[in-house]
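All remarks here apply to the structure that follows.
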Amino acid sequence: MTQPREVWSAQLRILAGRAVEEAPQVGFAEKVDRRGRVVRISILAEVASAGAGAFMDQFVRRIGELFDPTARSLTGAIKVAVETTHEELRVWNRQHLPSEQAMYGVSILIQRGEELVILGQAGPSVGLLAGDAGLAGLRPTSLYVHRSRLDDPVSSPIGGSDPVNLEFAPGPEASDGWALLLTSNAAGLFDPQRRVTLSRLAVDEVLRHLYPSMLNLRDAAGLIVSLASAAPPPSSEAEAEPEDGVDDGDERAERSSDADDSLAQSAQPDPADQARDEGDAGGLTAEQRFDSGEAGLSDGDEPLEQSQPPARQWDVVFAPTAATELEVVGWPVNPFVVGRVDQAQMIAPPVASHSPRLSNPIMKLGRAIPSLLETRREPAVERPNIRTRGSGARAVAARRAGLILIAMLVVLASVVAVLLGPSLLQSDDDQFRSRVERARNGLAASQLAVTTEAARLAVEDALSEVELALEINPLAAEALQLREEIEAVLAELNLIQSPGELAVVADLSRFGPSIALGAIRFGAGRAFVIDDAGGRVFSVTGDGAVAVIFLEGELLGLGDQSRAGRPISIAWQSAQTGNGSSAGTSEDALWILDSHARLYRWTPSGVLLVPIPELVRLGSVDAVAATAANVYLLDQAGGAVWRFALERSELSEPVRALGRVDLLDASELVASVNAAGAVEFLIASSDGRVRRFGVNEELPLALGLEQELLSPASLSLGAQSGLVYVVDRGEGRLLAVGPSGEVVSQIQSAELAELRGAWVDEQSGQIIYALPASILTGRLPARQE
């Protein structure tokens, strides 16, 4: 008989998001076939019904008990074990409620000596087989996934109403490969990139790599088994020297012949074995075949005579070690036999015997509920025996109930006194201070609320507390000032509106991880948006078509000799004026200003570098704006806005349109022509200010906000209402501000928490929102249309 080889394996069980030691889904068994070779099976099962978890360990143990390689081929023995268990479970399930039925999926790995491993699967299951690492460190892998689907007959669970379908797959020829068995809910982890990563790992690194991803599963289990062929340790007989110094050549030749036969034996079933497993049964069930004794015979074996005593099975004599390798790392030992056999001896010749009758089912069925066909002559419920009590006993019971009621009232009064006593004993000044403090806490809590409705409720509670405080002391200046602050915050919250239904126009995440959309402009049916992180300008049409029209580092200019810098500002210029007449340009264009103080003009025909005349007169070039006939540049260092008239697509000499003002923190510029034909400028600053200028004067625009702007950006002016629209990136909101600075409305929601830019088209009633990696559209709120 061949000695068993040591096989390295490890398991992992995730339950409710944490790793646990108990894993009833996993089991191992070692049996001896009819030629004396040790066969090892590794089992990973999973539940496929609500009531299967209670019998998981019994199911795994039953598969190991029924596996008998002395009677059949390896695949035939597994098939008989699975089909027998399937029939036992079907009997159980027919006699129990659906919530108590037990159905399973199983993956079984079969290993015998130097032969190729075999993977058997039935029901929901996942198996990944990996071979030896190649020159590039990659292992060839084969993935076998069976989820519960109607088009996959293998996924039919063991114990279900459908016939069980067992599928076998041969393993790779491997000296350092491994096999990974998982429950089917972990099949989503094996994307192509994950499989490449796993193919580079050794057997002891696979579960450690999968552990962080499997923590997200509620209940999952995994088993990793090494396919390495470790040579068995030399026996004492092999190490002993022959007597008289003479080597017994006949014994060596016999051992060599046995070893060659063992290596040549394939793990796949022989044609004769397969025919015997599937066709020789004559239509009998697995249990009937065991009863008749057919399962114990194979081709070439003579039937046992009645007078011959039953042959003895292989007896295994073992001396288990104190702690195996698996026990050291925390894995449970073999639930069927001792996981390590140090010495094995043959007690009887290798003659297959009758398999015993299957008298131990997977579970004790019992009588959980009575059969509907069962007749009962006695009532299911016995008639109660009611005894009357005398009048004295009833009086004692009544007094006892009265005492209990009085005690309960005393306890209730004590609880009320403890809860309400301090407030009743407080003075008016203490109650006033307490309510003011609660009002301040409520106002602070509104700033931390996740939704607008939660913030509004917190502010309303704070207002109620301060009103109660003013009833105690109506002239307290502290409470009066706090009420004004709370009312201002509540009024601001009441202006917040939902953006309504949002539609995704374009998803730009495919352009790379380094993307952060910013300022947005609209013209000629397109939206133009700057990518602050990627140094690009995108053009997005109404149907979602995206194109890159400007890229940092691109060769542009005369002779393509200058490289474009990072775009920092864009402005749309229409060829038509407000009265419909043509301006100084013949076609619509987008002006792009880069970080090198270069100005570019984009049209559908291409990008053109436009020189800036007398650039030395400008202290800095920080933003660009445009009207129908002029282009404006923001000079932050010089405190001015310069105007350049447009003549035949060229800029004329600069003229100061706005000068000698504090523009130190200015970052964005928008120019527009009002109803009187005069040009007005909107300038946003990084310090949170938004200012409005006419010709050499600043117009009033004091925003009445209790919560100041953190990072104003993406300014736009309503063509019909004259409202100023500004995005506050720090708070993820879009504000509509009147000519005098009053806030008309705010658009804010969780979907727009990362709002980067927006453009409002009052004519169509549409708003275009720019998020870090996507463009959305929504409707203008009803009160602003």
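Each chain in the structure tokens gets a letter, A, B, ..., in the order shown, and its residues are numbered from 1; ligands are numbered from 1 in order too.
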- Fewer than 2 positions away in the same chain doesn't count, so skip those; otherwise give me all residues within 6 Å of region 509-523 of chain A, counting only C-alpha atoms, as a PyMOL selection string. chain A and resi 507+525-534+714+756-757+772-773
- Per DSSP on the backbone, filter region 607-783 of chain A down to the residues in helix (DSSP H, G or I) and report them as a PyMOL selection string. chain A and resi 615-617+750-752+782-783
- Return the single residue from A:Ala770, A:Ala130, A:Ile158, A:Val616 that is closest to His86 (chain A), with distances computed using only C-alpha atoms. A:Ile158
- Quick one: everything within 9 Å of region 650-655 of chain A, counting only C-alpha atoms, minus sequence neighbours fewer than 4 positions away in the same chain. Send it as a PyMOL selection string. chain A and resi 610-615+617+630-631+641-646
Take the residues from that selection and put them in a file with N, CA, C and O atoms, as a PDB file, in the first residue's frame.
```pdb
ATOM      1  N   VAL A 610      -4.138  83.681 -31.148  1.00  0.00           N
ATOM      2  CA  VAL A 610      -4.370  85.103 -31.417  1.00  0.00           C
ATOM      3  C   VAL A 610      -3.418  85.904 -30.543  1.00  0.00           C
ATOM      4  O   VAL A 610      -3.536  85.870 -29.313  1.00  0.00           O
ATOM      5  N   PRO A 611      -2.452  86.637 -31.111  1.00  0.00           N
ATOM      6  CA  PRO A 611      -1.518  87.429 -30.297  1.00  0.00           C
ATOM      7  C   PRO A 611      -2.231  88.544 -29.530  1.00  0.00           C
ATOM      8  O   PRO A 611      -3.199  89.144 -30.015  1.00  0.00           O
ATOM      9  N   ILE A 612      -1.757  88.838 -28.321  1.00  0.00           N
ATOM     10  CA  ILE A 612      -2.303  89.920 -27.495  1.00  0.00           C
ATOM     11  C   ILE A 612      -1.440  91.161 -27.708  1.00  0.00           C
ATOM     12  O   ILE A 612      -0.248  91.148 -27.367  1.00  0.00           O
ATOM     13  N   PRO A 613      -2.006  92.207 -28.294  1.00  0.00           N
ATOM     14  CA  PRO A 613      -1.199  93.404 -28.549  1.00  0.00           C
ATOM     15  C   PRO A 613      -0.748  94.077 -27.242  1.00  0.00           C
ATOM     16  O   PRO A 613      -1.497  94.107 -26.253  1.00  0.00           O
ATOM     17  N   GLU A 614       0.497  94.598 -27.241  1.00  0.00           N
ATOM     18  CA  GLU A 614       1.063  95.340 -26.115  1.00  0.00           C
ATOM     19  C   GLU A 614       0.859  94.587 -24.793  1.00  0.00           C
ATOM     20  O   GLU A 614       0.340  95.131 -23.816  1.00  0.00           O
ATOM     21  N   LEU A 615       1.253  93.357 -24.798  1.00  0.00           N
ATOM     22  CA  LEU A 615       1.077  92.517 -23.613  1.00  0.00           C
ATOM     23  C   LEU A 615       1.861  93.063 -22.427  1.00  0.00           C
ATOM     24  O   LEU A 615       1.481  92.828 -21.271  1.00  0.00           O
ATOM     25  N   ARG A 617       1.934  95.926 -21.264  1.00  0.00           N
ATOM     26  CA  ARG A 617       1.171  96.899 -20.486  1.00  0.00           C
ATOM     27  C   ARG A 617       0.329  96.227 -19.398  1.00  0.00           C
ATOM     28  O   ARG A 617      -0.111  96.886 -18.469  1.00  0.00           O
ATOM     29  N   ASN A 630     -16.177  92.655 -28.587  1.00  0.00           N
ATOM     30  CA  ASN A 630     -14.983  92.937 -27.807  1.00  0.00           C
ATOM     31  C   ASN A 630     -14.567  91.708 -27.001  1.00  0.00           C
ATOM     32  O   ASN A 630     -15.398  90.839 -26.662  1.00  0.00           O
ATOM     33  N   VAL A 631     -13.277  91.692 -26.683  1.00  0.00           N
ATOM     34  CA  VAL A 631     -12.699  90.684 -25.798  1.00  0.00           C
ATOM     35  C   VAL A 631     -12.093  91.404 -24.608  1.00  0.00           C
ATOM     36  O   VAL A 631     -11.423  92.446 -24.777  1.00  0.00           O
ATOM     37  N   VAL A 641      -9.417  95.913 -15.929  1.00  0.00           N
ATOM     38  CA  VAL A 641      -9.988  95.061 -16.964  1.00  0.00           C
ATOM     39  C   VAL A 641      -9.733  95.758 -18.293  1.00  0.00           C
ATOM     40  O   VAL A 641     -10.129  96.912 -18.484  1.00  0.00           O
ATOM     41  N   TRP A 642      -9.059  95.071 -19.219  1.00  0.00           N
ATOM     42  CA  TRP A 642      -8.673  95.652 -20.495  1.00  0.00           C
ATOM     43  C   TRP A 642      -9.622  95.173 -21.582  1.00  0.00           C
ATOM     44  O   TRP A 642      -9.992  94.004 -21.649  1.00  0.00           O
ATOM     45  N   ARG A 643      -9.971  96.132 -22.493  1.00  0.00           N
ATOM     46  CA  ARG A 643     -10.865  95.831 -23.617  1.00  0.00           C
ATOM     47  C   ARG A 643     -10.058  95.803 -24.907  1.00  0.00           C
ATOM     48  O   ARG A 643      -9.239  96.690 -25.179  1.00  0.00           O
ATOM     49  N   PHE A 644     -10.315  94.767 -25.735  1.00  0.00           N
ATOM     50  CA  PHE A 644      -9.687  94.637 -27.034  1.00  0.00           C
ATOM     51  C   PHE A 644     -10.800  94.521 -28.076  1.00  0.00           C
ATOM     52  O   PHE A 644     -11.591  93.557 -28.047  1.00  0.00           O
ATOM     53  N   ALA A 645     -10.904  95.499 -28.950  1.00  0.00           N
ATOM     54  CA  ALA A 645     -11.887  95.423 -30.037  1.00  0.00           C
ATOM     55  C   ALA A 645     -11.459  94.355 -31.026  1.00  0.00           C
ATOM     56  O   ALA A 645     -10.265  94.158 -31.295  1.00  0.00           O
ATOM     57  N   LEU A 646     -12.438  93.654 -31.585  1.00  0.00           N
ATOM     58  CA  LEU A 646     -12.179  92.553 -32.510  1.00  0.00           C
ATOM     59  C   LEU A 646     -12.411  93.023 -33.936  1.00  0.00           C
ATOM     60  O   LEU A 646     -13.514  93.467 -34.300  1.00  0.00           O
TER      61      LEU A 646
END
```
